[in-house]
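Inspection log for the structure reproduced underneath, given as structure tokens.
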Amino acid sequence: MGATFLVCHGAWSAGWAWKKMHPLMRAAGHHLVTPSYTGLGERAHLTNPSIDLETHIHDILNVIEYEDLRDIVLIGHSYGGMVATGVADRARDRIAQLIYLDAFVPDDGQSLLDLNETARPQMRELAKAGDGWRVPPNPTSPDTPPADLEWLSERRVDMPIRCFEMKLKLHGGELTLPRSYIYATRITPADTFGPFARRARSEPGWRYYEIEASHSPNVTAPEALMALLQQIVAERA
């Protein structure tokens with residue numbers, strides 16, 4: 001039987017950004033679930049200043065409950081690592097393993113801006129320059145094909161800054177689920193996710209992988225990402 005993959009997507013994005021992965025997952029016999037957070041994607045009309053990390057954690061927890069998902073391979077991409085950590089904490093009996101895809105890996109009491117302090121002043125200034133509570137999208141990776149760049153640019157929307165400012169609260173203590181980290185090696189000068197890759201390489205309890213791709217391989221390298229996800233799942237079987 002195939003695996004059930006559930007994606008916690010990145011900031012400014014939504015479930016639509018995983019469009020290329022659906023046929024690949026079906027062909028491999030897997031089930032891919034890609035919900036969108038409140039205020040993003042097809043739920044952009046629900047955006048409001050109160051949306052925060054906790055809102056997005058509950059979005060995914062409700063998908064698990066109402067779709068009755070079990071034995072889940074939970075993927076957290078980028079900001080989605082914050083969300084996935086909170087989801088895994090509260091749905092430990094439903095998660096088989098946790099995969100961080102070029103993602104933030106928070107500990108209890110940490111926010112995204114705690115993990116990316118250098119971005120804090122700019123994000124707050126960008127929010128202040130706009131409506132005071134939303135941050136416009138970061139630039140896409142420079143190797144994104146023109147057609148994909150147009151597709152992304154038409155659909156990415158501003159992100160409530162409270163999602164980045166809110167500190168994660170773990171309810172069940174340290175996570176002990178099987179965890180893997182995928183590091184996208186076509187890095188930007190900031191190398192935002194390098195510290196988490198180094199952590200995964202050095203701490204016990206992690207499996208570490210690399211992909212020759214930029215930050216969103218679900219867009220720029222879907223076949224390579226599919227092969228790597230299959231490898232990770234097979235190694236846990």
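Residue numbers start at 1 in each chain; chains themselves are named A, B, ... in the order of the structure tokens; ligands are numbered from 1 in the order shown.
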Test item: residues at most 8 Å from range 53-62 of chain A, only C-alpha atoms, excluding those fewer than 6 positions along its chain, as a ChimeraX atom specification
/A:8,35,37-38,82-84,86-87,91,162-164,166-168
Mind dumping the selected residues with N, CA, C and O atoms as a PDB file, in the first residue's frame?
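As written to disk, out36.pdb reads:
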```pdb
ATOM      1  N   CYS A   8       2.544  20.564   4.910  1.00  0.00           N
ATOM      2  CA  CYS A   8       2.427  21.883   5.522  1.00  0.00           C
ATOM      3  C   CYS A   8       3.271  22.820   4.661  1.00  0.00           C
ATOM      4  O   CYS A   8       4.506  22.775   4.712  1.00  0.00           O
ATOM      5  N   PRO A  35      -3.440  20.763   1.777  1.00  0.00           N
ATOM      6  CA  PRO A  35      -4.373  21.823   2.168  1.00  0.00           C
ATOM      7  C   PRO A  35      -3.706  23.194   2.178  1.00  0.00           C
ATOM      8  O   PRO A  35      -2.476  23.310   2.243  1.00  0.00           O
ATOM      9  N   TYR A  37      -3.509  26.986   4.080  1.00  0.00           N
ATOM     10  CA  TYR A  37      -3.770  27.636   5.359  1.00  0.00           C
ATOM     11  C   TYR A  37      -4.800  28.759   5.201  1.00  0.00           C
ATOM     12  O   TYR A  37      -4.967  29.337   4.114  1.00  0.00           O
ATOM     13  N   THR A  38      -5.435  29.095   6.290  1.00  0.00           N
ATOM     14  CA  THR A  38      -6.351  30.236   6.324  1.00  0.00           C
ATOM     15  C   THR A  38      -5.626  31.506   5.884  1.00  0.00           C
ATOM     16  O   THR A  38      -4.537  31.814   6.361  1.00  0.00           O
ATOM     17  N   MET A  82       7.551  25.119  10.858  1.00  0.00           N
ATOM     18  CA  MET A  82       6.961  25.614  12.104  1.00  0.00           C
ATOM     19  C   MET A  82       5.603  24.941  12.332  1.00  0.00           C
ATOM     20  O   MET A  82       5.297  24.458  13.428  1.00  0.00           O
ATOM     21  N   VAL A  83       4.792  24.928  11.276  1.00  0.00           N
ATOM     22  CA  VAL A  83       3.449  24.355  11.353  1.00  0.00           C
ATOM     23  C   VAL A  83       3.522  22.850  11.613  1.00  0.00           C
ATOM     24  O   VAL A  83       2.837  22.318  12.487  1.00  0.00           O
ATOM     25  N   ALA A  84       4.365  22.163  10.849  1.00  0.00           N
ATOM     26  CA  ALA A  84       4.463  20.709  10.975  1.00  0.00           C
ATOM     27  C   ALA A  84       4.917  20.284  12.361  1.00  0.00           C
ATOM     28  O   ALA A  84       4.449  19.270  12.895  1.00  0.00           O
ATOM     29  N   GLY A  86       4.299  21.837  15.189  1.00  0.00           N
ATOM     30  CA  GLY A  86       3.131  21.962  16.059  1.00  0.00           C
ATOM     31  C   GLY A  86       2.098  20.879  15.818  1.00  0.00           C
ATOM     32  O   GLY A  86       1.497  20.355  16.760  1.00  0.00           O
ATOM     33  N   VAL A  87       1.905  20.521  14.554  1.00  0.00           N
ATOM     34  CA  VAL A  87       0.949  19.460  14.213  1.00  0.00           C
ATOM     35  C   VAL A  87       1.435  18.115  14.748  1.00  0.00           C
ATOM     36  O   VAL A  87       0.665  17.355  15.352  1.00  0.00           O
ATOM     37  N   ALA A  91      -0.585  15.574  17.241  1.00  0.00           N
ATOM     38  CA  ALA A  91      -1.203  14.419  16.558  1.00  0.00           C
ATOM     39  C   ALA A  91      -0.186  13.293  16.473  1.00  0.00           C
ATOM     40  O   ALA A  91      -0.040  12.645  15.436  1.00  0.00           O
ATOM     41  N   ARG A 162       2.085  37.949  12.093  1.00  0.00           N
ATOM     42  CA  ARG A 162       1.948  37.223  13.362  1.00  0.00           C
ATOM     43  C   ARG A 162       2.325  35.754  13.212  1.00  0.00           C
ATOM     44  O   ARG A 162       2.722  35.114  14.192  1.00  0.00           O
ATOM     45  N   CYS A 163       2.225  35.214  11.998  1.00  0.00           N
ATOM     46  CA  CYS A 163       2.653  33.832  11.762  1.00  0.00           C
ATOM     47  C   CYS A 163       4.147  33.677  12.013  1.00  0.00           C
ATOM     48  O   CYS A 163       4.604  32.616  12.454  1.00  0.00           O
ATOM     49  N   PHE A 164       4.898  34.726  11.728  1.00  0.00           N
ATOM     50  CA  PHE A 164       6.347  34.704  11.917  1.00  0.00           C
ATOM     51  C   PHE A 164       6.753  35.090  13.336  1.00  0.00           C
ATOM     52  O   PHE A 164       7.819  34.700  13.807  1.00  0.00           O
ATOM     53  N   MET A 166       4.815  34.606  16.227  1.00  0.00           N
ATOM     54  CA  MET A 166       4.282  33.767  17.298  1.00  0.00           C
ATOM     55  C   MET A 166       5.237  32.641  17.646  1.00  0.00           C
ATOM     56  O   MET A 166       5.752  31.950  16.783  1.00  0.00           O
ATOM     57  N   LYS A 167       5.447  32.451  18.923  1.00  0.00           N
ATOM     58  CA  LYS A 167       6.330  31.386  19.411  1.00  0.00           C
ATOM     59  C   LYS A 167       5.566  30.066  19.474  1.00  0.00           C
ATOM     60  O   LYS A 167       4.412  30.035  19.921  1.00  0.00           O
ATOM     61  N   LEU A 168       6.205  29.004  19.035  1.00  0.00           N
ATOM     62  CA  LEU A 168       5.591  27.679  19.066  1.00  0.00           C
ATOM     63  C   LEU A 168       5.507  27.168  20.499  1.00  0.00           C
ATOM     64  O   LEU A 168       6.469  27.276  21.259  1.00  0.00           O
TER      65      LEU A 168
END
```
With the cut-off set at 10 Å and counting only C-alpha atoms, tabulate each residue of range 154-231 of chain A with an atom at most that distance from an atom of range 118-124 of chain A, showing the nearest atom pair and its distance in Å to one decimal, ordered by chain and increasing number, as JSON lines.
```
{"residue": "A:Ile161", "atom": "CA", "partner": "A:Met123", "partner_atom": "CA", "distance": 7.6}
{"residue": "A:Phe164", "atom": "CA", "partner": "A:Arg120", "partner_atom": "CA", "distance": 8.9}
{"residue": "A:Glu165", "atom": "CA", "partner": "A:Arg120", "partner_atom": "CA", "distance": 8.9}
{"residue": "A:Ala190", "atom": "CA", "partner": "A:Thr118", "partner_atom": "CA", "distance": 9.3}
{"residue": "A:Thr192", "atom": "CA", "partner": "A:Thr118", "partner_atom": "CA", "distance": 9.5}
```
Shell around Ser78 in chain A at 7 Å using only C-alpha atoms, local window under 3 positions removed, as a PDB file with C-alpha atoms, in the first residue's frame:
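Writing done, so here's selection.pdb:
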```
ATOM      1  CA  GLY A  10       5.542  27.444   2.950  1.00  0.00           C
ATOM      2  CA  GLY A  81       8.387  23.404   9.360  1.00  0.00           C
ATOM      3  CA  LEU A 101      12.004  20.076   3.385  1.00  0.00           C
ATOM      4  CA  ASP A 102      14.434  23.021   3.480  1.00  0.00           C
ATOM      5  CA  ALA A 103      12.475  24.105   6.517  1.00  0.00           C
ATOM      6  CA  PHE A 104      12.683  25.833   9.864  1.00  0.00           C
TER       7      PHE A 104
END
```
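Minimum atom-to-atom distances from A:Pro136, A:Arg70, A:Glu174, A:Gly2 to Ala28 in chain A were compared using only C-alpha atoms, and the lowest value belongs to A:Gly2.
Closest to Lys128 in chain A among A:Trp12, A:Met21, A:Glu42, A:Pro160 is A:Pro160, based on only C-alpha atoms.
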Give the helix (DSSP H, G or I) residues of range 117-176 of chain A, as DSSP finds them on the backbone, and put them as a ChimeraX atom specification.
/A:117-129,146-155,162-165
Which of range 88-157 of chain A counts as strand (DSSP E or B) under DSSP, as a VMD selection string please?
chain A and resid 95 to 101 134 to 135
Could you save those same residues with N, CA, C and O atoms as a tab-separated table (two decimals), in the first residue's frame?
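Here's the written file part09.tsv:
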```tsv
chain	number	residue	atom	x	y	z
A	95	ILE	N	0.94	10.40	13.15
A	95	ILE	CA	2.09	10.70	12.31
A	95	ILE	C	3.07	9.54	12.35
A	95	ILE	O	3.54	9.14	13.41
A	96	ALA	N	3.41	8.99	11.17
A	96	ALA	CA	4.41	7.92	11.08
A	96	ALA	C	5.82	8.48	11.06
A	96	ALA	O	6.73	7.92	11.68
A	97	GLN	N	6.00	9.57	10.32
A	97	GLN	CA	7.30	10.22	10.28
A	97	GLN	C	7.14	11.66	9.82
A	97	GLN	O	6.12	12.04	9.23
A	98	LEU	N	8.18	12.44	10.10
A	98	LEU	CA	8.16	13.87	9.84
A	98	LEU	C	9.35	14.20	8.94
A	98	LEU	O	10.48	13.83	9.23
A	99	ILE	N	9.06	14.90	7.84
A	99	ILE	CA	10.10	15.29	6.89
A	99	ILE	C	10.12	16.81	6.78
A	99	ILE	O	9.12	17.43	6.42
A	100	TYR	N	11.27	17.38	7.10
A	100	TYR	CA	11.47	18.82	6.94
A	100	TYR	C	12.14	19.05	5.59
A	100	TYR	O	13.25	18.56	5.35
A	101	LEU	N	11.49	19.79	4.72
A	101	LEU	CA	12.00	20.08	3.38
A	101	LEU	C	12.51	21.52	3.35
A	101	LEU	O	11.71	22.46	3.26
A	134	ARG	N	0.84	42.68	7.34
A	134	ARG	CA	1.17	41.66	6.34
A	134	ARG	C	2.53	41.95	5.70
A	134	ARG	O	2.91	43.11	5.54
A	135	VAL	N	3.20	40.86	5.32
A	135	VAL	CA	4.52	40.94	4.69
A	135	VAL	C	4.40	40.45	3.25
A	135	VAL	O	3.88	39.35	3.02
```
For Ala11 in chain A, find every residue with an atom within 9 Å (counting only C-alpha atoms), except residues of its own chain fewer than 3 positions away, and show them as a ChimeraX atom specification.
/A:14,40,77-80,137-138,156-159,163
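Of the listed residues A:Val73, A:Val63, A:Leu115, A:Ala184, the one whose atoms come nearest to Leu229 in chain A is A:Val73, with distances taken using only C-alpha atoms.
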When distances are computed from only C-alpha atoms, which of A:His9, A:His45, A:Arg201, A:His171 shows the smallest separation from Ala88 in chain A?
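Of the candidates, the smallest distance to Ala88 in chain A is held by A:His171.
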Given the choices A:Asp89, A:Asp52, A:Glu210, A:Asp68, which gets closest to Leu228 in chain A if the distance is worked out from only C-alpha atoms?
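Nearest to Leu228 in chain A: A:Glu210.
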Measuring atom to atom with only C-alpha atoms, identify which of A:Ala3, A:Glu67, A:Trp18, A:Ile211 is nearest to Ala227 in chain A.
A:Ile211
Find the residues near Ala221 in chain A: any atom within 12 Å, counting only C-alpha atoms, skip ones fewer than 2 places away on the same chain, and give them as a PyMOL selection string.
chain A and resi 18+20-21+24+143-145+148+184+186+211-219+223-228
Pairwise distance for CA of Lys19 in chain A and CA of Tyr181 in chain A, rounded to one decimal in Å
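Rounded to one decimal, the two atoms are 22.0 Å apart.
Between CA of Leu175 in chain A and CA of Thr34 in chain A the interatomic distance comes to 22.9 Å.
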